[in-house]
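A.B. asks: mmCIF, C-alpha atoms and all ligand atoms, saved as upload35.cif, coming up:
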data_protein
loop_
_atom_site.label_atom_id
_atom_site.label_comp_id
_atom_site.auth_asym_id
_atom_site.auth_seq_id
_atom_site.Cartn_x
_atom_site.Cartn_y
_atom_site.Cartn_z
CA MET A 1 -26.73 52.06 47.10
CA LYS A 2 -24.60 50.04 49.51
CA ASP A 3 -24.28 49.35 53.19
CA LYS A 4 -27.57 50.45 54.73
CA TYR A 5 -29.36 47.64 52.91
CA GLU A 6 -26.97 44.87 54.00
CA GLU A 7 -29.71 42.30 54.60
CA LEU A 8 -31.59 43.10 51.35
CA LEU A 9 -30.88 42.34 47.71
CA VAL A 10 -31.36 45.81 46.22
CA ALA A 11 -32.31 46.50 42.62
CA ARG A 12 -32.84 49.79 40.81
CA TYR A 13 -35.26 50.05 37.86
CA TYR A 14 -36.32 52.72 35.38
CA VAL A 15 -40.12 52.54 34.99
CA GLU A 16 -42.90 54.04 32.89
CA HIS A 17 -46.29 53.34 34.49
CA VAL A 18 -49.78 54.15 33.30
CA LYS A 19 -50.61 55.56 36.76
CA SER A 20 -47.50 56.55 38.71
CA VAL A 21 -43.97 55.61 39.66
CA GLU A 22 -45.22 54.88 43.18
CA VAL A 23 -47.80 52.40 41.88
CA ALA A 24 -45.12 50.85 39.69
CA ALA A 25 -42.96 50.26 42.75
CA GLU A 26 -45.89 48.69 44.63
CA GLU A 27 -46.70 46.37 41.72
CA ILE A 28 -43.08 45.26 41.38
CA CYS A 29 -42.93 44.52 45.11
CA ASP A 30 -46.11 42.46 44.89
CA GLU A 31 -45.37 40.59 41.68
CA GLU A 32 -41.72 39.85 42.46
CA SER A 33 -42.14 38.55 46.00
CA VAL A 34 -45.43 37.38 47.55
CA GLY A 35 -48.27 39.22 45.86
CA THR A 36 -50.31 39.25 42.73
CA TRP A 37 -52.97 41.50 41.22
CA THR A 38 -55.53 40.96 43.98
CA LYS A 39 -55.71 40.47 47.75
CA LEU A 40 -55.35 36.81 48.72
CA THR A 41 -57.57 34.71 50.96
CA THR A 42 -55.47 31.56 50.66
CA ILE A 43 -54.91 30.90 54.35
CA GLU A 44 -55.94 32.84 57.38
CA ASN A 45 -52.65 34.56 58.10
CA THR A 46 -51.70 35.32 54.48
CA GLU A 47 -52.30 39.01 54.72
CA ILE A 48 -51.24 39.48 58.34
CA ASP A 49 -48.10 37.34 58.41
CA ILE A 50 -46.75 36.01 55.12
CA ILE A 51 -47.17 39.17 53.10
CA PRO A 52 -45.64 41.63 55.58
CA ARG A 53 -42.80 39.23 56.41
CA LEU A 54 -41.67 38.43 52.88
CA ARG A 55 -42.93 41.18 50.64
CA ALA A 56 -40.22 43.16 48.86
CA GLU A 57 -40.02 46.77 50.02
CA ILE A 58 -39.89 50.13 48.32
CA LEU A 59 -36.65 51.82 49.36
CA ASP A 60 -36.90 54.88 47.18
CA THR A 61 -38.77 56.34 44.23
CA LYS A 62 -37.90 59.26 41.95
CA ILE A 63 -40.20 60.80 39.39
CA ILE A 64 -38.53 61.85 36.15
CA GLY A 65 -41.53 63.07 34.17
CA ASP A 66 -44.23 62.09 31.76
CA HIS A 67 -43.92 60.00 28.62
CA ASP A 68 -47.18 60.65 26.75
CA GLY A 69 -49.50 59.70 29.56
CA TYR A 70 -47.12 57.42 31.45
CA GLN A 71 -45.25 58.61 34.50
CA SER A 72 -41.55 57.78 34.28
CA GLY A 73 -39.02 57.51 37.05
CA GLU A 74 -36.74 55.22 39.00
CA VAL A 75 -37.55 52.86 41.84
CA LEU A 76 -35.26 51.19 44.37
CA ILE A 77 -36.58 47.84 45.57
CA GLY A 78 -35.27 45.74 48.47
CA PHE A 79 -35.82 42.00 48.22
CA LYS A 80 -35.75 39.96 51.44
CA THR A 81 -32.87 37.49 51.24
CA GLU A 82 -35.03 34.72 52.76
CA THR A 83 -37.19 34.74 49.60
CA PHE A 84 -34.24 33.42 47.59
CA ASP A 85 -33.38 29.78 47.05
CA THR A 86 -29.64 30.22 47.36
CA GLU A 87 -28.97 26.55 46.57
CA ALA A 88 -30.63 27.11 43.17
CA GLY A 89 -27.97 29.59 42.15
CA ILE A 90 -28.60 32.55 39.84
CA THR A 91 -31.97 31.27 38.59
CA SER A 92 -33.69 32.13 41.87
CA ILE A 93 -32.34 35.68 41.71
CA LEU A 94 -33.29 36.25 38.07
CA SER A 95 -36.76 34.75 38.54
CA MET A 96 -37.50 37.69 40.85
CA LEU A 97 -35.29 40.59 39.78
CA ALA A 98 -35.78 39.91 36.08
CA GLY A 99 -38.96 37.91 36.05
CA ASN A 100 -42.60 38.73 35.41
CA LEU A 101 -42.05 42.43 36.02
CA PHE A 102 -40.92 42.87 32.41
CA GLY A 103 -44.34 41.76 31.27
CA LEU A 104 -46.63 43.67 33.64
CA GLY A 105 -49.19 45.39 31.40
CA ALA A 106 -49.38 48.63 33.40
CA LEU A 107 -45.64 49.08 33.00
CA ARG A 108 -45.12 50.20 29.42
CA ASN A 109 -41.36 50.11 29.92
CA ILE A 110 -39.09 48.88 32.65
CA ARG A 111 -35.30 48.59 32.60
CA TRP A 112 -33.22 46.94 35.28
CA LEU A 113 -30.45 49.48 35.91
CA ASP A 114 -28.37 48.19 38.80
CA VAL A 115 -28.10 45.66 41.60
CA GLU A 116 -26.27 45.22 44.88
CA PHE A 117 -25.96 41.70 46.27
CA PRO A 118 -25.74 41.34 50.07
CA ARG A 119 -22.92 39.10 51.29
CA SER A 120 -25.44 36.39 52.28
CA ILE A 121 -26.31 36.04 48.58
CA ALA A 122 -22.90 36.71 47.01
CA GLU A 123 -21.16 34.12 49.19
CA ASN A 124 -23.09 31.38 47.37
CA PHE A 125 -21.17 32.10 44.16
CA PRO A 126 -17.56 31.29 43.22
CA GLY A 127 -16.38 34.53 41.64
CA PRO A 128 -13.44 34.53 39.18
CA LYS A 129 -10.83 31.81 39.73
CA PHE A 130 -7.99 33.90 38.24
CA GLY A 131 -9.19 37.45 37.84
CA VAL A 132 -6.98 40.23 36.50
CA GLU A 133 -4.03 39.32 38.70
CA GLY A 134 -4.16 35.64 37.85
CA VAL A 135 -4.39 36.24 34.09
CA ARG A 136 -1.48 38.68 34.29
CA LYS A 137 0.63 36.07 36.10
CA ILE A 138 -0.08 33.53 33.34
CA LEU A 139 0.93 36.01 30.62
CA GLY A 140 3.75 37.61 32.57
CA THR A 141 2.30 41.11 32.16
CA ASP A 142 2.54 41.72 35.90
CA LYS A 143 6.14 42.58 35.12
CA GLY A 144 8.23 43.74 32.13
CA GLU A 145 8.79 47.17 30.57
CA PHE A 146 5.22 48.27 31.34
CA PRO A 147 4.07 46.15 34.28
CA ASN A 148 0.30 45.71 34.48
CA ARG A 149 -0.22 47.18 31.03
CA PRO A 150 -3.34 46.63 28.89
CA HIS A 151 -3.42 43.38 26.90
CA VAL A 152 -3.83 43.20 23.14
CA GLY A 153 -6.09 40.43 21.92
CA THR A 154 -7.39 39.25 18.61
CA ILE A 155 -10.30 37.31 17.23
CA VAL A 156 -9.16 35.26 14.24
CA LYS A 157 -11.02 36.36 11.12
CA PRO A 158 -12.79 35.34 8.98
CA LYS A 159 -15.11 34.19 11.77
CA MET A 160 -15.74 30.91 9.97
CA GLY A 161 -14.20 28.90 7.17
CA LEU A 162 -10.54 28.49 8.02
CA THR A 163 -9.34 24.94 8.60
CA ALA A 164 -7.78 24.15 11.97
CA LYS A 165 -4.31 24.30 10.42
CA GLU A 166 -5.00 27.63 8.71
CA TRP A 167 -6.55 28.99 11.91
CA ALA A 168 -3.47 28.00 13.90
CA THR A 169 -1.18 29.66 11.34
CA VAL A 170 -3.15 32.91 11.62
CA ALA A 171 -2.96 32.64 15.41
CA TYR A 172 0.82 32.17 15.15
CA GLU A 173 1.15 35.25 12.94
CA ALA A 174 -0.90 37.35 15.41
CA ALA A 175 1.10 36.06 18.37
CA ILE A 176 4.48 36.64 16.72
CA GLY A 177 3.20 40.10 15.79
CA GLY A 178 2.67 40.85 19.45
CA VAL A 179 -0.82 39.96 20.71
CA ASP A 180 -1.16 38.52 24.22
CA PHE A 181 -4.47 36.74 23.70
CA ILE A 182 -6.31 35.00 20.87
CA LYS A 183 -9.96 33.94 20.99
CA ASP A 184 -12.35 31.91 18.93
CA ASP A 185 -15.09 34.02 17.46
CA GLU A 186 -18.44 33.83 19.25
CA ASN A 187 -19.98 31.58 16.60
CA LEU A 188 -16.96 29.36 15.97
CA SER A 189 -17.06 26.18 18.03
CA ASN A 190 -16.91 22.71 16.43
CA GLN A 191 -17.93 23.20 12.79
CA PRO A 192 -16.83 20.48 10.35
CA PHE A 193 -14.31 22.75 8.59
CA CYS A 194 -12.52 23.54 11.88
CA PRO A 195 -13.00 20.81 14.54
CA ILE A 196 -12.52 22.21 18.07
CA SER A 197 -9.97 19.63 19.14
CA ASP A 198 -7.88 19.94 15.98
CA ARG A 199 -7.93 23.72 16.38
CA THR A 200 -7.02 23.59 20.07
CA VAL A 201 -4.10 21.22 19.55
CA ALA A 202 -2.81 23.01 16.45
CA VAL A 203 -2.87 26.39 18.19
CA LEU A 204 -1.19 25.04 21.32
CA GLU A 205 1.68 23.77 19.17
CA LYS A 206 2.00 27.20 17.57
CA MET A 207 1.89 28.98 20.94
CA ASP A 208 4.68 26.69 22.17
CA GLN A 209 6.65 27.77 19.10
CA VAL A 210 5.96 31.44 19.93
CA LYS A 211 7.18 30.84 23.49
CA GLU A 212 10.41 29.28 22.20
CA GLU A 213 10.99 32.04 19.66
CA THR A 214 10.01 35.08 21.77
CA GLY A 215 9.83 33.97 25.40
CA ARG A 216 6.28 35.35 25.49
CA THR A 217 3.23 33.40 26.65
CA VAL A 218 0.19 33.85 24.43
CA ILE A 219 -3.06 32.06 25.28
CA HIS A 220 -6.00 30.93 23.14
CA ALA A 221 -9.57 30.97 24.44
CA VAL A 222 -11.38 27.88 23.13
CA ASN A 223 -15.08 28.49 22.59
CA VAL A 224 -16.84 25.56 24.29
CA THR A 225 -20.33 27.07 23.94
CA ALA A 226 -22.85 24.29 23.21
CA LYS A 227 -25.84 22.53 24.77
CA HIS A 228 -25.05 21.38 28.30
CA ASP A 229 -23.86 17.79 27.80
CA VAL A 230 -21.89 18.61 24.66
CA MET A 231 -20.35 21.70 26.28
CA TRP A 232 -19.11 19.78 29.32
CA ARG A 233 -17.69 17.07 27.08
CA ARG A 234 -15.83 19.75 25.11
CA ILE A 235 -14.58 21.37 28.30
CA GLU A 236 -13.12 18.04 29.37
CA GLU A 237 -11.55 17.46 25.94
CA ALA A 238 -10.12 20.98 25.82
CA ILE A 239 -8.59 20.60 29.28
CA ASP A 240 -7.23 17.16 28.32
CA ASN A 241 -5.76 18.74 25.18
CA GLY A 242 -3.99 21.32 27.35
CA ALA A 243 -6.16 24.38 26.59
CA LYS A 244 -4.93 27.47 28.43
CA CYS A 245 -8.24 29.38 28.41
CA LEU A 246 -11.92 28.57 27.82
CA MET A 247 -14.60 30.84 26.36
CA ILE A 248 -18.37 30.76 26.60
CA ASP A 249 -21.15 32.89 25.17
CA VAL A 250 -22.73 33.38 28.58
CA ILE A 251 -26.08 34.79 27.43
CA LEU A 252 -26.56 31.74 25.20
CA THR A 253 -25.41 29.18 27.78
CA GLY A 254 -26.95 30.85 30.81
CA PHE A 255 -25.09 32.29 33.80
CA GLN A 256 -25.37 29.05 35.74
CA GLU A 257 -23.09 27.21 33.29
CA LEU A 258 -20.43 29.85 33.93
CA ALA A 259 -20.90 29.44 37.69
CA GLN A 260 -20.50 25.70 37.28
CA MET A 261 -17.27 26.16 35.29
CA ALA A 262 -15.85 28.65 37.76
CA ALA A 263 -16.66 26.35 40.68
CA ASP A 264 -15.28 23.22 38.96
CA PRO A 265 -11.85 22.39 40.44
CA SER A 266 -10.90 20.45 37.30
CA ILE A 267 -11.01 23.69 35.30
CA LYS A 268 -7.68 25.29 36.12
CA VAL A 269 -7.66 27.92 33.34
CA PRO A 270 -9.26 31.38 32.99
CA ILE A 271 -12.74 31.74 31.50
CA HIS A 272 -13.29 34.38 28.82
CA VAL A 273 -16.92 35.50 28.70
CA HIS A 274 -18.45 36.70 25.45
CA ARG A 275 -21.83 38.42 25.71
CA THR A 276 -23.33 37.93 22.26
CA MET A 277 -27.13 38.40 22.20
CA HIS A 278 -26.93 40.79 25.16
CA ALA A 279 -27.94 43.69 22.91
CA ALA A 280 -31.38 42.09 22.50
CA PHE A 281 -32.17 43.45 25.96
CA THR A 282 -29.34 45.78 27.05
CA ARG A 283 -29.54 48.30 24.25
CA ASN A 284 -32.99 49.86 24.66
CA GLN A 285 -32.60 52.74 27.14
CA ARG A 286 -36.21 52.39 28.36
CA HIS A 287 -36.79 48.64 28.51
CA GLY A 288 -34.76 45.53 29.31
CA ILE A 289 -31.64 44.98 31.37
CA SER A 290 -28.63 47.27 31.51
CA MET A 291 -25.20 45.71 30.96
CA LEU A 292 -24.30 46.87 34.51
CA PRO A 293 -26.28 44.21 36.40
CA VAL A 294 -25.29 41.65 33.75
CA SER A 295 -21.63 42.48 34.37
CA LYS A 296 -21.98 42.25 38.16
CA ILE A 297 -23.60 38.84 37.79
CA VAL A 298 -20.82 37.64 35.48
CA ARG A 299 -18.16 38.69 38.02
CA MET A 300 -20.08 37.10 40.90
CA VAL A 301 -20.57 33.79 39.10
CA GLY A 302 -16.96 33.65 37.99
CA GLY A 303 -16.03 35.25 34.66
CA ASP A 304 -12.31 36.04 34.48
CA GLN A 305 -12.66 38.26 31.38
CA LEU A 306 -15.85 39.94 30.07
CA HIS A 307 -16.71 42.04 27.01
CA ILE A 308 -18.09 45.25 28.48
CA GLY A 309 -18.11 47.67 25.53
CA SER A 310 -15.59 49.87 23.75
CA TYR A 311 -15.62 53.13 25.79
CA GLY A 312 -17.20 54.92 22.84
CA GLN A 313 -14.61 53.73 20.30
CA GLY A 314 -16.02 50.71 18.49
CA LYS A 315 -18.58 49.53 15.96
CA MET A 316 -21.06 48.18 18.51
CA ASP A 317 -23.57 50.37 20.34
CA THR A 318 -21.45 51.91 23.12
CA GLU A 319 -22.18 54.22 26.06
CA LEU A 320 -19.08 55.66 27.72
CA ASP A 321 -20.67 56.68 31.05
CA LEU A 322 -22.26 53.28 31.55
CA GLU A 323 -19.05 51.47 30.55
CA LEU A 324 -17.06 53.51 33.06
CA GLN A 325 -19.52 52.32 35.75
CA ILE A 326 -19.12 48.76 34.51
CA LYS A 327 -15.33 49.07 34.64
CA ASP A 328 -15.61 50.12 38.30
CA ALA A 329 -17.98 47.23 39.00
CA MET A 330 -15.44 44.81 37.46
CA LEU A 331 -12.38 46.25 39.20
CA ASN A 332 -13.49 47.82 42.49
CA PRO A 333 -13.72 45.65 45.61
CA MET A 334 -16.74 43.32 45.61
CA TYR A 335 -16.46 41.23 48.78
CA GLU A 336 -13.54 38.86 48.30
CA PHE A 337 -14.16 38.35 44.57
CA LYS A 338 -11.20 38.70 42.26
CA GLN A 339 -11.43 41.38 39.58
CA THR A 340 -12.92 40.57 36.18
CA PHE A 341 -10.77 41.78 33.27
CA PRO A 342 -12.82 44.29 31.19
CA VAL A 343 -12.60 43.55 27.45
CA ALA A 344 -13.10 46.23 24.79
CA SER A 345 -13.82 44.83 21.35
CA GLY A 346 -15.73 45.38 18.13
CA GLY A 347 -14.54 47.60 15.29
CA LEU A 348 -11.28 48.52 17.05
CA TYR A 349 -7.94 49.24 15.37
CA PRO A 350 -4.62 50.93 16.35
CA ALA A 351 -5.81 54.56 16.17
CA LYS A 352 -8.45 53.76 18.82
CA ILE A 353 -5.91 52.71 21.43
CA PRO A 354 -5.07 56.10 23.00
CA ASN A 355 -8.72 56.78 23.84
CA LEU A 356 -9.32 53.21 24.96
CA VAL A 357 -6.45 53.48 27.46
CA LYS A 358 -7.54 56.99 28.47
CA HIS A 359 -10.99 55.69 29.47
CA GLY A 360 -10.26 52.05 30.26
CA GLY A 361 -6.95 52.44 32.02
CA ASN A 362 -4.38 49.62 32.20
CA ASN A 363 -6.68 46.88 33.41
CA LEU A 364 -8.12 46.42 29.94
CA ILE A 365 -8.00 43.84 27.18
CA ILE A 366 -8.15 45.57 23.79
CA GLN A 367 -9.29 43.16 21.08
CA ALA A 368 -9.17 43.64 17.34
CA GLY A 369 -10.36 41.23 14.69
CA GLY A 370 -10.63 43.19 11.46
CA GLY A 371 -8.32 45.80 12.98
CA ILE A 372 -5.51 43.19 12.84
CA HIS A 373 -6.49 40.73 10.09
CA GLY A 374 -7.47 43.59 7.76
CA HIS A 375 -4.09 45.34 7.92
CA PRO A 376 -2.75 46.06 4.40
CA ASP A 377 0.25 43.81 5.06
CA GLY A 378 -1.58 40.97 6.83
CA THR A 379 -2.05 39.59 10.30
CA ARG A 380 1.48 39.78 11.67
CA LYS A 381 1.87 43.42 10.66
CA GLY A 382 -1.62 44.12 11.94
CA ALA A 383 -0.71 42.76 15.35
CA MET A 384 2.54 44.74 15.27
CA ALA A 385 0.59 47.92 14.51
CA MET A 386 -1.72 47.34 17.50
CA LYS A 387 1.23 46.71 19.81
CA GLN A 388 3.06 49.76 18.43
CA ALA A 389 -0.01 51.91 19.11
CA LEU A 390 -0.13 50.57 22.67
CA ASP A 391 3.61 51.10 23.21
CA ALA A 392 3.34 54.66 21.91
CA THR A 393 0.40 55.33 24.22
CA LEU A 394 2.21 53.90 27.26
CA LYS A 395 5.30 55.98 26.37
CA GLY A 396 3.19 59.11 26.00
CA ILE A 397 4.13 59.51 22.33
CA SER A 398 1.52 60.50 19.72
CA LEU A 399 0.68 57.83 17.16
CA ASP A 400 1.60 60.17 14.30
CA GLU A 401 5.04 60.68 15.85
CA TYR A 402 5.53 56.98 16.57
CA ALA A 403 4.37 56.05 13.06
CA LYS A 404 7.30 57.95 11.58
CA ASP A 405 9.57 55.02 12.41
CA HIS A 406 7.00 52.22 12.76
CA VAL A 407 5.75 51.48 9.27
CA GLU A 408 3.14 48.91 10.39
CA LEU A 409 1.42 51.55 12.52
CA ALA A 410 1.77 54.12 9.75
CA LYS A 411 0.01 51.82 7.29
CA SER A 412 -2.85 51.16 9.71
CA LEU A 413 -3.33 54.90 10.24
CA GLU A 414 -3.29 55.36 6.49
CA LYS A 415 -5.94 52.65 5.94
CA TRP A 416 -8.31 53.39 8.85
CA GLY A 417 -7.34 56.87 9.96
CA LYS A 418 -7.93 58.04 13.51
C1 LIG B 501 -15.19 41.79 17.01
C2 LIG B 501 -16.07 40.58 17.28
C3 LIG B 501 -16.66 40.58 18.66
C4 LIG B 501 -17.42 41.82 19.05
C5 LIG B 501 -18.38 41.51 20.18
C6 LIG B 501 -17.19 40.48 16.26
O1 LIG B 501 -14.64 41.64 15.72
O2 LIG B 501 -15.33 39.39 17.17
O3 LIG B 501 -17.53 39.45 18.72
O4 LIG B 501 -16.48 42.72 19.53
O5 LIG B 501 -18.98 42.71 20.57
O6 LIG B 501 -17.51 39.33 15.96
O7 LIG B 501 -17.71 41.52 15.87
P1 LIG B 501 -14.01 42.96 15.03
P2 LIG B 501 -18.87 43.19 22.11
O8 LIG B 501 -12.82 43.38 15.87
O9 LIG B 501 -13.58 42.52 13.65
O10 LIG B 501 -15.06 43.99 15.00
O11 LIG B 501 -17.40 43.21 22.40
O12 LIG B 501 -19.53 44.53 22.11
O13 LIG B 501 -19.59 42.18 22.92
MG MG B 502 -16.95 38.06 17.33
#
Can you dump the structure from the file as structure tokens?
Ligand code: CAP
Ligand code: MG
C.D. replies:
Amino acid sequence: MKDKYEELLVARYYVEHVKSVEVAAEEICDEESVGTWTKLTTIENTEIDIIPRLRAEILDTKIIGDHDGYQSGEVLIGFKTETFDTEAGITSILSMLAGNLFGLGALRNIRWLDVEFPRSIAENFPGPKFGVEGVRKILGTDKGEFPNRPHVGTIVKPKMGLTAKEWATVAYEAAIGGVDFIKDDENLSNQPFCPISDRTVAVLEKMDQVKEETGRTVIHAVNVTAKHDVMWRRIEEAIDNGAKCLMIDVILTGFQELAQMAADPSIKVPIHVHRTMHAAFTRNQRHGISMLPVSKIVRMVGGDQLHIGSYGQGKMDTELDLELQIKDAMLNPMYEFKQTFPVASGGLYPAKIPNLVKHGGNNLIIQAGGGIHGHPDGTRKGAMAMKQALDATLKGISLDEYAKDHVELAKSLEKWGK
């Protein structure tokens, strides 16, 4: 979908229209650029100048078939870059590519499938500050026994309820057990039982202890998600406290907050992007927004790490083919943007690691919450089991074979199976 549309912002949609795919494409072009449901008489040259100059254009249409009286298919639409308010940031793009079209009555279903941003649009966004390479340098995984290996991460569980001190102790156990990365859960932020600053400071002390004891750097992503003024106050506090990574729930905060964080020179740490609530509109195969455009936007506006799905392995709704496309969108060249680290998470445990690495490759963060903190022998052993499963996979040894002399892995296989 690239190259020949350099000066256009190109979007691909799946449509079901009461008349035809062609009419659907025309209506999208009208509604999402200069038109409406009827011819305009606003000013003399409306129809002879403004409309032809700025109207979005139909680049391609493909009929798939009929859905009980609606014609279904795909349309490729080119939006003129001069119709975008680039100073406004992502809002101007979403107001057209993901705006009224979702509500057009004649379109029973429409799903935004993909997008390509021309350089003249993309250059208005910061992109990741660290990217895969920068995160690896912080953790030292650009070298070692398996340079550029996948990372193992954990989400401290239970999601809520632990005190800051208890949370930090669990984080220490996971880090000593072998994880590279620890994150707040998506709904843990600054609840009374676990104040964000207390948690941040307590965990930093524990990570310093891990560094002294093992030589390994393990970072904690502090969830700063909140309403704008509170979030930016928390960002400042977290940075002042020495936080090594920040996390936001980007669908809840809005993409523009992420862009602001990525562009802010005072934020000198990676940003981990959680996508909770995405499934409200990414999951339906016939209506909404695919995770592919969402992922491309997150990379463009500056997410260093992004949950993209579990390559068919986890508890969440997962679609391997789509997630392989998302992986490419995160890691393949996209202008001068750094790569965004794909994160697989949700219902994962040691036995899932061989397939995760098979599909996700080495540029992958494998996260386990229950798959570590639900290990029969506790968090530390759970983290050890995950790391053992990764080591076995990187060494090309089967988990069953490796489990013969790695009891932590053996016990996880016994509890959760393959
Ligand atoms: C995983 C998790 C993550 C999901 C998010 C949870 O915990 O912490 O938020 O992975 O889904 O709360 O479920 P478990 P996704 O490892 O215990 O399942 O990565 O698809 O955005
Ligand atoms: Mg979670």
A.B. asks: For Phe130 in chain A, which residue out of A:Leu101, A:Val407, A:Val269, A:Ile63 is the nearest one, using all atoms listed in the file?
C.D. replies: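 Of A:Leu101, A:Val407, A:Val269, A:Ile63, the one nearest Phe130 in chain A is A:Val269, counting all atoms listed in the file.
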A.B. asks: Could you list, as a ChimeraX atom specification, every residue within 12 Å of Val21 in chain A, counting only C-alpha atoms and ignoring same-chain residues fewer than 6 positions away?
C.D. replies: /A:13-15,27-28,58,60-67,70-76,106-110
A.B. asks: Need to verify the contact set: Thr83 in chain A, 10 Å, all atoms listed in the file, exclusion of same-chain residues closer than 6 positions in sequence. Can you return it as a PyMOL selection string?
C.D. replies: chain A and resi 32-34+53-56+92-93+96
A.B. asks: Could you check how far CA of Ala280 in chain A sits from CA of Lys358 in chain A, in Å to one decimal?
C.D. replies: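 Rounded to one decimal, the two atoms are 28.7 Å apart.
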A.B. asks: How many Å lie between CA of Val156 in chain A and atom O7 of ligand LIG 501 (chain B), rounded to one decimal?
C.D. replies: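 So the two atoms, CA of Val156 in chain A and atom O7 of ligand LIG 501 (chain B), lie 10.7 Å apart.
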A.B. asks: Using all atoms listed in the file, find each residue in range 159-258 of chain A having at least one atom no more than 12 Å away from range 111-126 of chain A; report its shortest atom-to-atom pair and that distance in Å (one decimal), rows by chain then rising number, as JSON lines.
C.D. replies:
{"residue": "A:Phe255", "atom": "CA", "partner": "A:Phe125", "partner_atom": "CA", "distance": 11.1}
{"residue": "A:Gln256", "atom": "CA", "partner": "A:Phe125", "partner_atom": "CA", "distance": 9.9}
{"residue": "A:Leu258", "atom": "CA", "partner": "A:Pro126", "partner_atom": "CA", "distance": 9.8}
A.B. asks: Closest to ligand LIG 501 (chain B) among A:Ile366, A:Leu390, A:Leu162, A:Met384, using only C-alpha atoms and all ligand atoms?
C.D. replies: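 So, comparing all the options, the nearest one is A:Ile366.
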A.B. asks: A:Leu364, A:Ala392, A:Ala344, A:Val210: which is nearest ligand MG 502 (chain B), counting all atoms listed in the file?
C.D. replies: A:Ala344
A.B. asks: Could I get the residue neighbourhood of ligand LIG 501 (chain B) at 7 Å, counting all atoms listed in the file, as a list in words?
C.D. replies: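 The neighbouring residues of ligand LIG 501 (chain B) are, in order, Ile155, Asp185, Glu186, His274, Arg275, Thr276, His307, Ile308, Gly309, Ser310, Lys315, Met316, Val343, Ala344, Ser345, Gly346, Gly347, Leu348, Gln367, Ala368, Gly369, Gly370 and Gly371 of chain A.
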A.B. asks: Smallest atom-to-atom distance to Gly131 in chain A: which of A:Glu408, A:Tyr311, A:Gly302, A:Pro333, using all atoms listed in the file?
C.D. replies: A:Gly302
A.B. asks: Let me make sure I understand: among A:Glu47, A:Asp184, A:Glu205, A:Glu22, which one has the smallest atom-to-atom distance to ligand MG 502 (chain B) if we use only C-alpha atoms and all ligand atoms?
C.D. replies: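 Smallest separation from ligand MG 502 (chain B) among the options: A:Asp184.
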A.B. asks: Here is a test: counting all atoms listed in the file, which residue of A:Leu252, A:Val132, A:Val273, A:Leu59 is nearest to Leu8 in chain A?
C.D. replies: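 That would be A:Leu59, the residue with the smallest distance to Leu8 in chain A.
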A.B. asks: With a distance cut-off of 8 Å and only C-alpha atoms, select the neighbouring residues of range 231-241 of chain A, excluding the residue or stretch itself and same-chain residues fewer than 3 positions from it, and output the selection as a PyMOL selection string.
C.D. replies: chain A and resi 197+200-201+222+224-228+244+246+267
A.B. asks: Mind giving me the straight-line distance from CA of Val301 in chain A to CA of Thr340 in chain A in Å, one decimal?
C.D. replies: 10.6 Å
A.B. asks: Applying 12 Å and all atoms listed in the file, which residues near Lys395 in chain A remain after dropping the ones on its own chain fewer than 4 positions away? List them as a PyMOL selection string.
C.D. replies: chain A and resi 145-146+149+354+388-391+399+401-402
A.B. asks: Any idea what's packed within 9 Å of range 414-417 of chain A, counting all atoms listed in the file, ignoring anything in its chain fewer than 5 positions away? Could you give it as a list in words?
C.D. replies: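 In the requested form, the answer reads Tyr349, Pro350, Ala351, Gly371, His375, Pro376 and Leu409 of chain A.
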A.B. asks: Pull the closest atom pair for each residue of range 249-272 of chain A that gets at most 12 Å from range 288-296 of chain A, along with the distance in Å to one decimal, counting all atoms listed in the file, ordering rows by chain and then ascending residue number, as CSV.
C.D. replies:
residue,atom,partner,partner_atom,distance
A:Val250,CA,A:Val294,CA,10.1
A:Ile251,CA,A:Val294,CA,9.4
A:Gly254,CA,A:Val294,CA,11.3
A:Phe255,CA,A:Val294,CA,9.4
A.B. asks: Please check which residues have atoms at most 9 Å from (-3.7, 36.9, 14.1) in the file's coordinates, counting only C-alpha atoms, and write them as a list in words.
C.D. replies: Gly153, Thr154, Ile155, Val156, Lys157, Trp167, Ala168, Thr169, Val170, Ala171, Tyr172, Glu173, Ala174, Ala175, Ile176, Gly177, Val179, Ile182, Gly369, Ile372, His373, Gly378, Thr379, Arg380, Gly382 and Ala383 of chain A
